[in-house]
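Next comes start-v3.txt, with compact mmCIF, C-alpha atoms and all ligand atoms.
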# COMPACT_ATOMS: atom_id res chain seq x y z
CA MET D 1187 -10.83 -18.89 64.25
CA LYS D 1188 -11.27 -15.63 66.01
CA GLU D 1189 -11.46 -17.48 69.31
CA GLN D 1190 -8.37 -19.49 68.42
CA LEU D 1191 -6.44 -16.29 67.87
CA GLU D 1192 -7.64 -14.83 71.16
CA LYS D 1193 -6.66 -18.03 72.91
CA ILE D 1194 -3.14 -17.98 71.45
CA LYS D 1195 -2.78 -14.38 72.53
CA LEU D 1196 -3.86 -15.12 76.06
CA GLU D 1197 -1.70 -18.22 76.42
CA ALA D 1198 1.34 -16.48 75.04
CA LYS D 1199 0.84 -13.58 77.44
CA CYS D 1200 0.53 -15.89 80.46
CA SER D 1201 3.56 -17.99 79.53
CA LEU D 1202 5.62 -14.88 78.89
CA GLU D 1203 4.88 -13.49 82.32
CA LYS D 1204 6.03 -16.71 83.92
CA ALA D 1205 9.24 -16.96 81.88
CA THR D 1206 12.35 -16.02 83.85
CA SER D 1207 15.21 -16.64 81.41
CA LEU D 1208 16.12 -15.68 77.87
CA GLU D 1209 16.17 -19.36 76.86
CA GLU D 1210 12.58 -19.84 78.01
CA ILE D 1211 11.52 -16.78 76.03
CA ASN D 1212 13.22 -18.10 72.93
CA GLU D 1213 11.36 -21.38 73.26
CA LEU D 1214 8.06 -19.53 73.63
CA LYS D 1215 8.79 -17.43 70.59
CA VAL D 1216 9.34 -20.55 68.52
CA ARG D 1217 6.20 -22.10 69.96
CA PHE D 1218 3.90 -19.17 69.23
CA LEU D 1219 5.45 -17.14 66.44
CA GLY D 1220 7.87 -19.57 64.77
CA LYS D 1221 7.50 -21.00 61.26
CA LYS D 1222 5.74 -24.02 62.65
CA GLY D 1223 4.29 -22.06 65.57
CA GLU D 1224 0.65 -21.90 66.68
CA LEU D 1225 -0.14 -18.59 65.01
CA THR D 1226 1.23 -19.80 61.68
CA GLN D 1227 -0.88 -22.95 61.94
CA VAL D 1228 -4.02 -20.83 62.34
CA LEU D 1229 -3.15 -18.66 59.36
CA ARG D 1230 -2.68 -21.78 57.24
CA GLY D 1231 -6.37 -22.53 57.71
CA MET D 1232 -7.45 -19.15 56.29
CA GLY D 1233 -8.02 -20.65 52.88
CA GLN D 1234 -11.21 -22.28 54.15
CA LEU D 1235 -12.75 -18.97 55.18
CA SER D 1236 -15.33 -17.07 53.13
CA PRO D 1237 -14.06 -14.08 51.11
CA GLU D 1238 -15.85 -11.69 53.51
CA GLU D 1239 -14.29 -13.19 56.63
CA ARG D 1240 -10.73 -13.46 55.25
CA PRO D 1241 -9.65 -9.80 55.50
CA LEU D 1242 -11.16 -9.46 58.98
CA ILE D 1243 -9.39 -12.52 60.34
CA GLY D 1244 -6.19 -11.55 58.48
CA GLN D 1245 -6.21 -8.16 60.12
CA LEU D 1246 -6.83 -9.66 63.52
CA ALA D 1247 -4.00 -12.18 63.04
CA ASN D 1248 -1.62 -9.33 62.11
CA GLU D 1249 -2.63 -7.41 65.20
CA VAL D 1250 -2.08 -10.41 67.43
CA ARG D 1251 1.32 -11.06 65.84
CA ASP D 1252 2.42 -7.42 66.26
CA GLU D 1253 1.23 -7.29 69.85
CA LEU D 1254 2.98 -10.53 70.74
CA ASN D 1255 6.17 -9.37 69.05
CA SER D 1256 6.36 -6.22 71.11
CA LEU D 1257 5.47 -8.14 74.29
CA PHE D 1258 8.35 -10.50 73.60
CA GLN D 1259 10.72 -7.57 73.09
CA GLU D 1260 9.64 -5.92 76.33
CA ARG D 1261 10.07 -9.14 78.25
CA VAL D 1262 13.56 -9.77 76.80
CA ALA D 1263 14.66 -6.25 77.80
CA ALA D 1264 13.26 -6.70 81.32
CA ILE D 1265 15.00 -10.03 81.84
CA LYS D 1266 18.32 -8.70 80.53
CA LYS D 1267 18.09 -5.89 83.01
CA ILE D 1268 17.40 -8.24 85.89
CA GLU D 1269 20.27 -10.51 84.88
CA GLN D 1270 22.69 -7.58 84.78
CA GLU D 1271 21.59 -6.36 88.18
CA GLN D 1272 22.11 -9.83 89.62
CA LYS D 1273 25.58 -9.96 88.07
CA LEU D 1274 26.53 -6.59 89.54
CA GLN D 1275 25.35 -7.65 92.97
CA ALA D 1276 27.43 -10.83 92.80
CA GLU D 1277 30.49 -8.79 91.71
CA THR D 1278 32.98 -8.58 94.62
CA ILE D 1279 35.30 -6.05 92.96
CA ASP D 1280 34.27 -2.54 92.11
CA ILE D 1281 35.13 -2.26 88.45
CA THR D 1282 34.76 1.50 88.57
CA LEU D 1283 37.72 1.86 90.99
CA PRO D 1284 40.85 3.36 89.39
CA GLY D 1285 43.49 0.72 88.52
CA LYS D 1286 46.54 -0.09 90.61
CA THR D 1287 49.51 2.09 89.74
CA PHE D 1288 52.94 0.49 89.71
CA ALA D 1289 55.92 2.38 91.10
CA ARG D 1290 58.25 3.20 88.23
CA GLY D 1291 61.91 2.38 88.61
CA SER D 1292 64.74 4.73 87.72
CA ASN D 1293 68.32 4.38 86.58
CA HIS D 1294 70.99 3.64 89.18
CA PRO D 1295 73.28 6.65 89.77
CA LEU D 1296 76.25 4.66 88.44
CA THR D 1297 74.31 3.88 85.26
CA LEU D 1298 73.50 7.58 84.95
CA VAL D 1299 77.17 8.55 85.24
CA ILE D 1300 78.32 5.86 82.81
CA GLU D 1301 75.66 6.89 80.28
CA GLU D 1302 76.54 10.55 80.61
CA ALA D 1303 80.27 9.84 80.26
CA LYS D 1304 79.60 7.74 77.15
CA GLN D 1305 77.58 10.56 75.57
CA ILE D 1306 80.34 13.08 76.33
CA PHE D 1307 83.08 10.90 74.83
CA ILE D 1308 80.97 9.93 71.83
CA GLY D 1309 80.56 13.67 71.28
CA LEU D 1310 84.37 13.95 71.32
CA GLY D 1311 84.69 11.28 68.60
CA PHE D 1312 85.30 8.19 70.76
CA GLU D 1313 83.89 4.70 70.26
CA ILE D 1314 82.81 2.30 73.00
CA ALA D 1315 84.95 -0.84 73.45
CA GLU D 1316 84.46 -3.86 75.70
CA GLY D 1317 86.54 -6.60 77.26
CA PRO D 1318 86.03 -9.62 79.55
CA GLU D 1319 85.73 -9.29 83.34
CA ILE D 1320 87.49 -12.64 83.73
CA GLU D 1321 90.87 -11.80 82.28
CA THR D 1322 94.19 -13.49 81.68
CA ASP D 1323 97.25 -12.49 83.66
CA TYR D 1324 98.77 -11.56 80.31
CA TYR D 1325 96.27 -8.80 79.43
CA ASN D 1326 95.65 -7.64 83.00
CA PHE D 1327 99.36 -7.28 83.87
CA GLU D 1328 102.00 -8.63 81.51
CA ALA D 1329 101.04 -6.75 78.35
CA LEU D 1330 100.66 -3.58 80.42
CA ASN D 1331 104.35 -3.67 81.25
CA LEU D 1332 103.75 -5.30 84.63
CA PRO D 1333 105.85 -8.50 84.60
CA LYS D 1334 105.31 -11.22 87.21
CA ASP D 1335 107.71 -9.86 89.85
CA HIS D 1336 106.78 -6.19 89.41
CA PRO D 1337 106.17 -4.41 92.76
CA ALA D 1338 103.23 -2.44 91.31
CA ARG D 1339 101.26 -5.71 91.16
CA ASP D 1340 100.98 -5.65 94.95
CA MET D 1341 98.55 -2.75 94.88
CA GLN D 1342 96.20 -4.81 92.76
CA ASP D 1343 96.79 -8.22 94.31
CA THR D 1344 93.38 -9.65 93.87
CA PHE D 1345 90.94 -12.42 93.02
CA TYR D 1346 92.86 -15.10 91.14
CA ILE D 1347 90.87 -17.93 89.63
CA SER D 1348 94.05 -19.79 88.68
CA PRO D 1349 97.66 -18.54 88.48
CA ASP D 1350 96.93 -17.25 84.97
CA ILE D 1351 93.28 -16.18 85.24
CA VAL D 1352 92.12 -13.24 87.29
CA LEU D 1353 89.05 -11.04 87.79
CA ARG D 1354 90.33 -7.94 86.03
CA THR D 1355 91.68 -5.37 88.49
CA HIS D 1356 91.21 -2.47 86.08
CA THR D 1357 89.81 -1.77 82.60
CA SER D 1358 93.33 -1.19 81.23
CA PRO D 1359 93.57 -4.71 79.67
CA VAL D 1360 91.05 -3.48 77.10
CA GLN D 1361 93.81 -1.18 75.79
CA VAL D 1362 95.92 -4.06 74.44
CA ARG D 1363 92.86 -6.07 73.37
CA THR D 1364 91.65 -3.06 71.35
CA MET D 1365 95.07 -2.47 69.78
CA GLU D 1366 95.26 -6.13 68.70
CA ARG D 1367 91.80 -5.82 67.15
CA LEU D 1368 92.46 -2.59 65.24
CA LYS D 1369 96.20 -2.69 64.41
CA PRO D 1370 97.75 -1.17 62.37
CA ALA D 1371 94.89 1.31 61.80
CA VAL D 1372 94.94 4.78 63.33
CA PRO D 1373 93.38 6.72 64.89
CA VAL D 1374 92.38 4.51 67.82
CA LYS D 1375 89.94 6.44 69.96
CA ILE D 1376 87.97 4.35 72.45
CA ILE D 1377 86.58 4.37 75.93
CA CYS D 1378 85.67 1.24 77.86
CA PRO D 1379 83.31 1.39 80.83
CA GLY D 1380 83.08 -1.75 82.96
CA LYS D 1381 83.30 -3.62 86.25
CA VAL D 1382 86.62 -4.30 87.97
CA TYR D 1383 87.54 -6.25 91.13
CA ARG D 1384 90.01 -5.79 93.98
CA LYS D 1385 90.20 -7.11 97.50
CA ASP D 1386 89.52 -3.75 99.27
CA ASP D 1387 86.36 -2.97 101.23
CA ASP D 1388 85.69 0.26 103.16
CA ALA D 1389 83.78 3.55 102.85
CA THR D 1390 85.72 4.57 99.75
CA HIS D 1391 86.59 1.13 98.32
CA SER D 1392 84.38 -1.72 97.18
CA PRO D 1393 85.55 -5.20 96.07
CA MET D 1394 83.63 -4.61 92.84
CA PHE D 1395 83.59 -1.18 91.31
CA HIS D 1396 83.50 0.50 87.90
CA GLN D 1397 86.07 2.21 85.75
CA ILE D 1398 86.08 3.99 82.44
CA GLU D 1399 89.24 3.46 80.44
CA GLY D 1400 90.26 5.75 77.60
CA LEU D 1401 92.80 5.16 74.83
CA VAL D 1402 93.86 7.36 71.92
CA ILE D 1403 96.59 6.40 69.43
CA ASP D 1404 97.55 8.31 66.32
CA LYS D 1405 100.53 9.93 64.62
CA GLY D 1406 101.77 12.84 66.73
CA ILE D 1407 99.53 12.49 69.80
CA ARG D 1408 100.88 14.66 72.64
CA MET D 1409 100.24 15.27 76.30
CA SER D 1410 98.37 18.48 75.38
CA ASP D 1411 95.78 16.34 73.55
CA LEU D 1412 95.21 14.40 76.77
CA LYS D 1413 94.81 17.66 78.66
CA GLY D 1414 92.31 19.07 76.17
CA ILE D 1415 90.15 15.93 76.10
CA LEU D 1416 90.08 15.62 79.89
CA LEU D 1417 89.24 19.31 80.39
CA ALA D 1418 86.35 19.00 77.91
CA PHE D 1419 85.12 15.89 79.74
CA VAL D 1420 85.36 17.44 83.21
CA GLN D 1421 83.56 20.64 82.20
CA GLN D 1422 80.71 18.70 80.58
CA MET D 1423 80.41 16.27 83.49
CA PHE D 1424 80.80 18.71 86.40
CA GLY D 1425 80.21 22.19 84.98
CA PRO D 1426 81.89 24.77 82.71
CA ASP D 1427 83.58 26.59 85.62
CA ARG D 1428 85.65 23.55 86.66
CA ARG D 1429 89.41 23.40 86.04
CA ILE D 1430 91.84 20.49 85.99
CA ARG D 1431 95.32 20.05 87.42
CA ILE D 1432 97.88 17.51 86.27
CA ARG D 1433 100.39 16.04 88.72
CA PRO D 1434 103.31 13.72 87.94
CA SER D 1435 102.70 10.13 88.99
CA TYR D 1436 103.73 6.58 88.16
CA PHE D 1437 101.97 3.79 86.29
CA PRO D 1438 103.95 1.00 84.61
CA PHE D 1439 101.89 1.31 81.41
CA THR D 1440 102.38 5.04 80.85
CA GLU D 1441 105.44 7.25 80.52
CA PRO D 1442 105.22 9.98 81.59
CA SER D 1443 102.33 9.27 83.98
CA ALA D 1444 100.03 11.79 85.56
CA GLU D 1445 97.22 12.03 88.04
CA VAL D 1446 94.45 14.45 87.24
CA ASP D 1447 92.53 16.53 89.79
CA VAL D 1448 89.37 18.56 89.31
CA SER D 1449 88.86 21.86 91.13
CA CYS D 1450 86.59 21.50 94.15
CA GLY D 1451 82.96 22.27 93.34
CA ILE D 1452 82.17 23.46 96.85
CA CYS D 1453 84.91 26.05 97.45
CA GLY D 1454 85.79 26.64 93.79
CA GLY D 1455 89.45 25.85 94.43
CA SER D 1456 90.23 28.00 97.47
CA GLY D 1457 90.20 25.07 99.91
CA CYS D 1458 87.51 23.72 102.21
CA LYS D 1459 86.62 20.68 104.32
CA SER D 1460 85.43 18.49 101.42
CA CYS D 1461 88.68 18.87 99.45
CA GLY D 1462 90.96 18.61 102.51
CA ASN D 1463 91.82 22.30 102.16
CA THR D 1464 93.66 21.70 98.90
CA GLY D 1465 91.02 23.04 96.49
CA TRP D 1466 91.46 19.91 94.34
CA LEU D 1467 89.93 16.42 94.11
CA GLU D 1468 91.67 13.52 92.41
CA ILE D 1469 89.61 11.88 89.67
CA LEU D 1470 91.81 9.74 87.46
CA GLY D 1471 95.16 8.30 86.40
CA SER D 1472 96.60 8.88 82.96
CA GLY D 1473 99.68 9.29 80.85
CA MET D 1474 101.35 8.72 77.50
CA VAL D 1475 101.09 5.05 76.50
CA HIS D 1476 104.38 3.29 77.28
CA PRO D 1477 106.30 2.19 74.13
CA ASN D 1478 106.32 -1.39 75.44
CA VAL D 1479 102.52 -1.39 75.68
CA LEU D 1480 102.21 -0.07 72.11
CA ARG D 1481 104.51 -2.87 71.00
CA TYR D 1482 102.51 -5.51 72.90
CA GLY D 1483 99.43 -4.22 71.06
CA GLY D 1484 101.12 -4.43 67.66
CA TYR D 1485 101.84 -0.73 67.08
CA ASP D 1486 105.25 0.77 66.28
CA PRO D 1487 106.19 3.38 68.93
CA THR D 1488 108.53 5.08 66.45
CA GLN D 1489 105.53 5.77 64.18
CA VAL D 1490 102.64 6.50 66.55
CA THR D 1491 102.09 7.78 70.07
CA GLY D 1492 99.09 7.70 72.36
CA PHE D 1493 97.58 8.64 75.67
CA ALA D 1494 95.43 6.67 78.08
CA PHE D 1495 93.42 7.35 81.18
CA GLY D 1496 91.39 5.41 83.71
CA MET D 1497 88.80 6.84 86.07
CA GLY D 1498 86.67 5.39 88.86
CA VAL D 1499 82.96 5.73 88.12
CA GLU D 1500 81.94 5.57 91.80
CA ARG D 1501 84.35 8.38 92.58
CA ILE D 1502 82.93 10.55 89.78
CA ALA D 1503 79.38 9.83 90.97
CA MET D 1504 80.29 10.61 94.61
CA LEU D 1505 81.74 13.97 93.59
CA LYS D 1506 78.92 14.77 91.19
CA TYR D 1507 76.08 13.97 93.60
CA GLY D 1508 77.81 14.67 96.94
CA ILE D 1509 77.72 11.05 98.20
CA ASN D 1510 80.10 10.29 101.06
CA ASP D 1511 79.97 6.50 101.33
CA MET D 1512 80.60 4.18 98.39
CA ARG D 1513 78.67 1.34 100.02
CA LEU D 1514 75.43 3.26 99.44
CA PHE D 1515 75.69 2.39 95.73
CA PHE D 1516 75.41 -1.32 96.45
CA GLU D 1517 73.04 -1.56 99.41
CA ASN D 1518 69.99 -1.18 97.16
CA ASP D 1519 68.15 0.99 99.69
CA ILE D 1520 65.18 2.35 97.76
CA ARG D 1521 65.29 5.66 99.70
CA PHE D 1522 68.79 6.27 98.38
CA LEU D 1523 68.08 5.12 94.84
CA GLN D 1524 64.88 7.15 94.48
CA GLN D 1525 66.83 10.38 94.72
CA PHE D 1526 68.28 10.03 91.23
N1 LIG Z 1 94.51 1.26 85.58
C1 LIG Z 1 94.82 2.28 86.57
C2 LIG Z 1 94.21 1.87 87.90
O1 LIG Z 1 93.31 1.12 87.93
C3 LIG Z 1 94.27 3.61 86.16
C4 LIG Z 1 94.99 4.16 84.97
C5 LIG Z 1 96.10 4.94 85.15
C6 LIG Z 1 94.56 3.86 83.70
C7 LIG Z 1 96.78 5.46 84.06
C8 LIG Z 1 95.22 4.37 82.59
C9 LIG Z 1 96.35 5.18 82.79
O2 LIG Z 1 94.84 4.12 81.35
O3 LIG Z 1 96.99 5.68 81.71
O4 LIG Z 1 94.67 2.33 88.92
Here is the file; what I need is its structure written in the form of structure tokens.
Amino acid sequence: MKEQLEKIKLEAKCSLEKATSLEEINELKVRFLGKKGELTQVLRGMGQLSPEERPLIGQLANEVRDELNSLFQERVAAIKKIEQEQKLQAETIDITLPGKTFARGSNHPLTLVIEEAKQIFIGLGFEIAEGPEIETDYYNFEALNLPKDHPARDMQDTFYISPDIVLRTHTSPVQVRTMERLKPAVPVKIICPGKVYRKDDDATHSPMFHQIEGLVIDKGIRMSDLKGILLAFVQQMFGPDRRIRIRPSYFPFTEPSAEVDVSCGICGGSGCKSCGNTGWLEILGSGMVHPNVLRYGGYDPTQVTGFAFGMGVERIAMLKYGINDMRLFFENDIRFLQQF
């Protein structure tokens, strides 16, 4: 029995040394140390031994089992190490290299200006309204006091889809749409940022551009309210030292109508090259809402009054960031866009 044990030990050792994979080792473990393995078979026969021999052989069997167990463990560890080294050598990428970084995008300057304007007007108690870019002739012109043969239509002669459907030429149609939605409630206090379309195309005009419309209606609204709101807007958008100037103008949907200038940020109002020596830069059109427009929207001009304004977002952005060509906004040159 002693010899049998020695033989098992020797055989197991030899086979282990030859084994090259974890599967082979597992098989050997079953063969030598498993429940039906060779060592167990030998121990089964211990009953036939004399009482003197039994403890000696038992001890020897335990020693053999312990030795084999630790040999198996060593061999498993060695093979795992070899396998990992082989894997690493086969690896074509270096997993310790830092990962690829992706260039982060940023907001378009027009988005920045629209977002900032929204925040300013929300702070002044306004809500944000919306309207369709494909608009009916009725909302784009008719309901704004611009009947079919009105000469002021010429300035905005534009992309007609059919005689009655047009790509909106300004955000002003949202005025009447908003009045219809809210009437007869007051106050109405909305701005509407959005895209508009006209058939111009040069350094200061683009066939698609953005406007922000404003409309306020309530009992007793006066021109001074318009002035106060626009001054607050201009000083938050351009800086607290800026002033505004209001000049008489004409729009069919306002009476009286006014154009609003902001004092030049470069010369401070004394006159320089960028403001054409006037000290002022035009930023928007505005006025008191025409009684006809209030009526089209379902409000009674004997009960309420209102003011409205419309500004070009590109123009605001050009003044704010010192950009001299409107086409830069739409060329998508990453070197331009990365500056914001
Ligand atoms: N809709 C005008 C334009 O596109 C701008 C404008 C002028 C809007 C006066 C207004 C306003 O609301 O009161 O030229």
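Closest approach to Cys1378 (chain D) among D:Gly1457, D:Gly1496, D:Gly1473, D:Gly1451: D:Gly1496, based on only C-alpha atoms.
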Fill in: Long-range neighbours of Ile1430 (chain D) as an MDAnalysis selection string, 9 Å cut-off, all atoms listed in the file, 2 positions minimum in chain
chainID D and resid 1413 1416:1417 1420 1428 1432 1446:1449 1466
Fill in: Close residues to ligand LIG 1 (chain Z) using all atoms listed in the file, limit 7 Å, as a list in words
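Listing the residues within 7 Å of ligand LIG 1 (chain Z) gives Thr1355, His1356, Thr1357, Ser1358, Glu1399, Gly1400, Leu1401, Phe1437, Phe1439, Thr1440, Ser1443, Leu1470, Gly1471, Ser1472, Gly1473, Met1474, Val1475, Phe1493, Ala1494, Phe1495, Gly1496 and Met1497 of chain D.
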Discussion item. Can you tell me which residues surround Thr1226 (chain D) at a distance of at most 12 Å, considering all atoms listed in the file, apart from same-chain residues fewer than 4 positions away, and format the answer as a VMD selection string?
Written reply: chain D and resid 1190 to 1191 1194 1215 to 1222 1230 to 1232 1244 1247 to 1248 1250 to 1251
Near-region 1295-1306 of chain D list (12 Å; only C-alpha atoms; drop same-chain fewer than 4 positions) as a PDB file with C-alpha atoms, keeping the file's coordinate frame:
ATOM      1  CA  LEU D1310      84.370  13.950  71.320  1.00  0.00           C
ATOM      2  CA  GLY D1311      84.690  11.280  68.600  1.00  0.00           C
ATOM      3  CA  PHE D1312      85.300   8.190  70.760  1.00  0.00           C
ATOM      4  CA  GLU D1313      83.890   4.700  70.260  1.00  0.00           C
ATOM      5  CA  ILE D1314      82.810   2.300  73.000  1.00  0.00           C
ATOM      6  CA  ALA D1315      84.950  -0.840  73.450  1.00  0.00           C
ATOM      7  CA  ILE D1376      87.970   4.350  72.450  1.00  0.00           C
ATOM      8  CA  ILE D1377      86.580   4.370  75.930  1.00  0.00           C
ATOM      9  CA  CYS D1378      85.670   1.240  77.860  1.00  0.00           C
ATOM     10  CA  PRO D1379      83.310   1.390  80.830  1.00  0.00           C
ATOM     11  CA  GLY D1380      83.080  -1.750  82.960  1.00  0.00           C
ATOM     12  CA  LYS D1381      83.300  -3.620  86.250  1.00  0.00           C
ATOM     13  CA  PHE D1395      83.590  -1.180  91.310  1.00  0.00           C
ATOM     14  CA  HIS D1396      83.500   0.500  87.900  1.00  0.00           C
ATOM     15  CA  GLN D1397      86.070   2.210  85.750  1.00  0.00           C
ATOM     16  CA  ILE D1398      86.080   3.990  82.440  1.00  0.00           C
ATOM     17  CA  GLU D1399      89.240   3.460  80.440  1.00  0.00           C
ATOM     18  CA  GLY D1400      90.260   5.750  77.600  1.00  0.00           C
ATOM     19  CA  ILE D1415      90.150  15.930  76.100  1.00  0.00           C
ATOM     20  CA  LEU D1416      90.080  15.620  79.890  1.00  0.00           C
ATOM     21  CA  LEU D1417      89.240  19.310  80.390  1.00  0.00           C
ATOM     22  CA  ALA D1418      86.350  19.000  77.910  1.00  0.00           C
ATOM     23  CA  PHE D1419      85.120  15.890  79.740  1.00  0.00           C
ATOM     24  CA  VAL D1420      85.360  17.440  83.210  1.00  0.00           C
ATOM     25  CA  GLN D1421      83.560  20.640  82.200  1.00  0.00           C
ATOM     26  CA  GLN D1422      80.710  18.700  80.580  1.00  0.00           C
ATOM     27  CA  MET D1423      80.410  16.270  83.490  1.00  0.00           C
ATOM     28  CA  PHE D1424      80.800  18.710  86.400  1.00  0.00           C
ATOM     29  CA  MET D1497      88.800   6.840  86.070  1.00  0.00           C
ATOM     30  CA  GLY D1498      86.670   5.390  88.860  1.00  0.00           C
ATOM     31  CA  VAL D1499      82.960   5.730  88.120  1.00  0.00           C
ATOM     32  CA  GLU D1500      81.940   5.570  91.800  1.00  0.00           C
ATOM     33  CA  ARG D1501      84.350   8.380  92.580  1.00  0.00           C
ATOM     34  CA  ILE D1502      82.930  10.550  89.780  1.00  0.00           C
ATOM     35  CA  ALA D1503      79.380   9.830  90.970  1.00  0.00           C
ATOM     36  CA  MET D1504      80.290  10.610  94.610  1.00  0.00           C
ATOM     37  CA  LEU D1505      81.740  13.970  93.590  1.00  0.00           C
ATOM     38  CA  LYS D1506      78.920  14.770  91.190  1.00  0.00           C
ATOM     39  CA  TYR D1507      76.080  13.970  93.600  1.00  0.00           C
ATOM     40  CA  GLY D1508      77.810  14.670  96.940  1.00  0.00           C
ATOM     41  CA  ILE D1509      77.720  11.050  98.200  1.00  0.00           C
ATOM     42  CA  MET D1512      80.600   4.180  98.390  1.00  0.00           C
ATOM     43  CA  LEU D1514      75.430   3.260  99.440  1.00  0.00           C
ATOM     44  CA  PHE D1515      75.690   2.390  95.730  1.00  0.00           C
ATOM     45  CA  PHE D1516      75.410  -1.320  96.450  1.00  0.00           C
ATOM     46  CA  ASN D1518      69.990  -1.180  97.160  1.00  0.00           C
ATOM     47  CA  PHE D1522      68.790   6.270  98.380  1.00  0.00           C
ATOM     48  CA  LEU D1523      68.080   5.120  94.840  1.00  0.00           C
ATOM     49  CA  GLN D1524      64.880   7.150  94.480  1.00  0.00           C
ATOM     50  CA  GLN D1525      66.830  10.380  94.720  1.00  0.00           C
ATOM     51  CA  PHE D1526      68.280  10.030  91.230  1.00  0.00           C
TER      52      PHE D1526
END
Let me know the centre plus edge lengths, in Å and rounded to one decimal, of a box with edges along x, y and z that contains all listed atoms of region 1480-1490 of chain D and is padded by 6 Å on every side, as AutoDock Vina command-line options.
--center_x 104.0 --center_y 0.5 --center_z 68.5 --size_x 21.1 --size_y 24.0 --size_z 20.7
Discussion item. Nearest residue to Pro1477 (chain D) out of D:Ala1338, D:Met1187, D:Ile1281, D:Val1490, using all atoms listed in the file?
Written reply: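 With all atoms listed in the file as the atom set, the closest residue is D:Val1490.
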Response to the item:
The distance between CA of Val1402 (chain D) and CA of Val1362 (chain D) is 11.9 Å
Worksheet entry | Polymer residues at most 10 Å from Thr1344 (chain D), all atoms listed in the file, same-chain spacing of 4 or more positions, as number ranges by chain | D: 1339-1340, 1352-1355, 1383-1386, 1393
Item to complete: Pick out the residues sitting within 9 Å of region 1200-1204 of chain D, and hand them over as a PyMOL selection string; count all atoms listed in the file, and ignore anything fewer than 6 positions along from it in its own chain.
Response: chain D and resi 1210-1211+1214+1257-1258+1261
Worksheet entry | Top pick for closest residue to Gly1291 (chain D), considering D:Gln1342, D:Ile1520, D:Cys1453, D:Ser1392 and counting all atoms listed in the file | D:Ile1520
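You can rank D:Ile1452, D:Leu1467, D:Ala1198, D:Val1262 by their closest distance to Arg1433 (chain D) using only C-alpha atoms, and at the top of that list sits D:Leu1467.
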Worksheet item: What is the CA of Asp1343 (chain D)-CA of Tyr1485 (chain D) distance in Å, reported with one decimal?
Response: 28.7 Å
Worksheet item: Mind pulling up the distance from CA of His1476 (chain D) to CA of Asn1326 (chain D)?
Response: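 Taking CA of Asn1326 (chain D) and CA of His1476 (chain D), their separation equals 15.1 Å.
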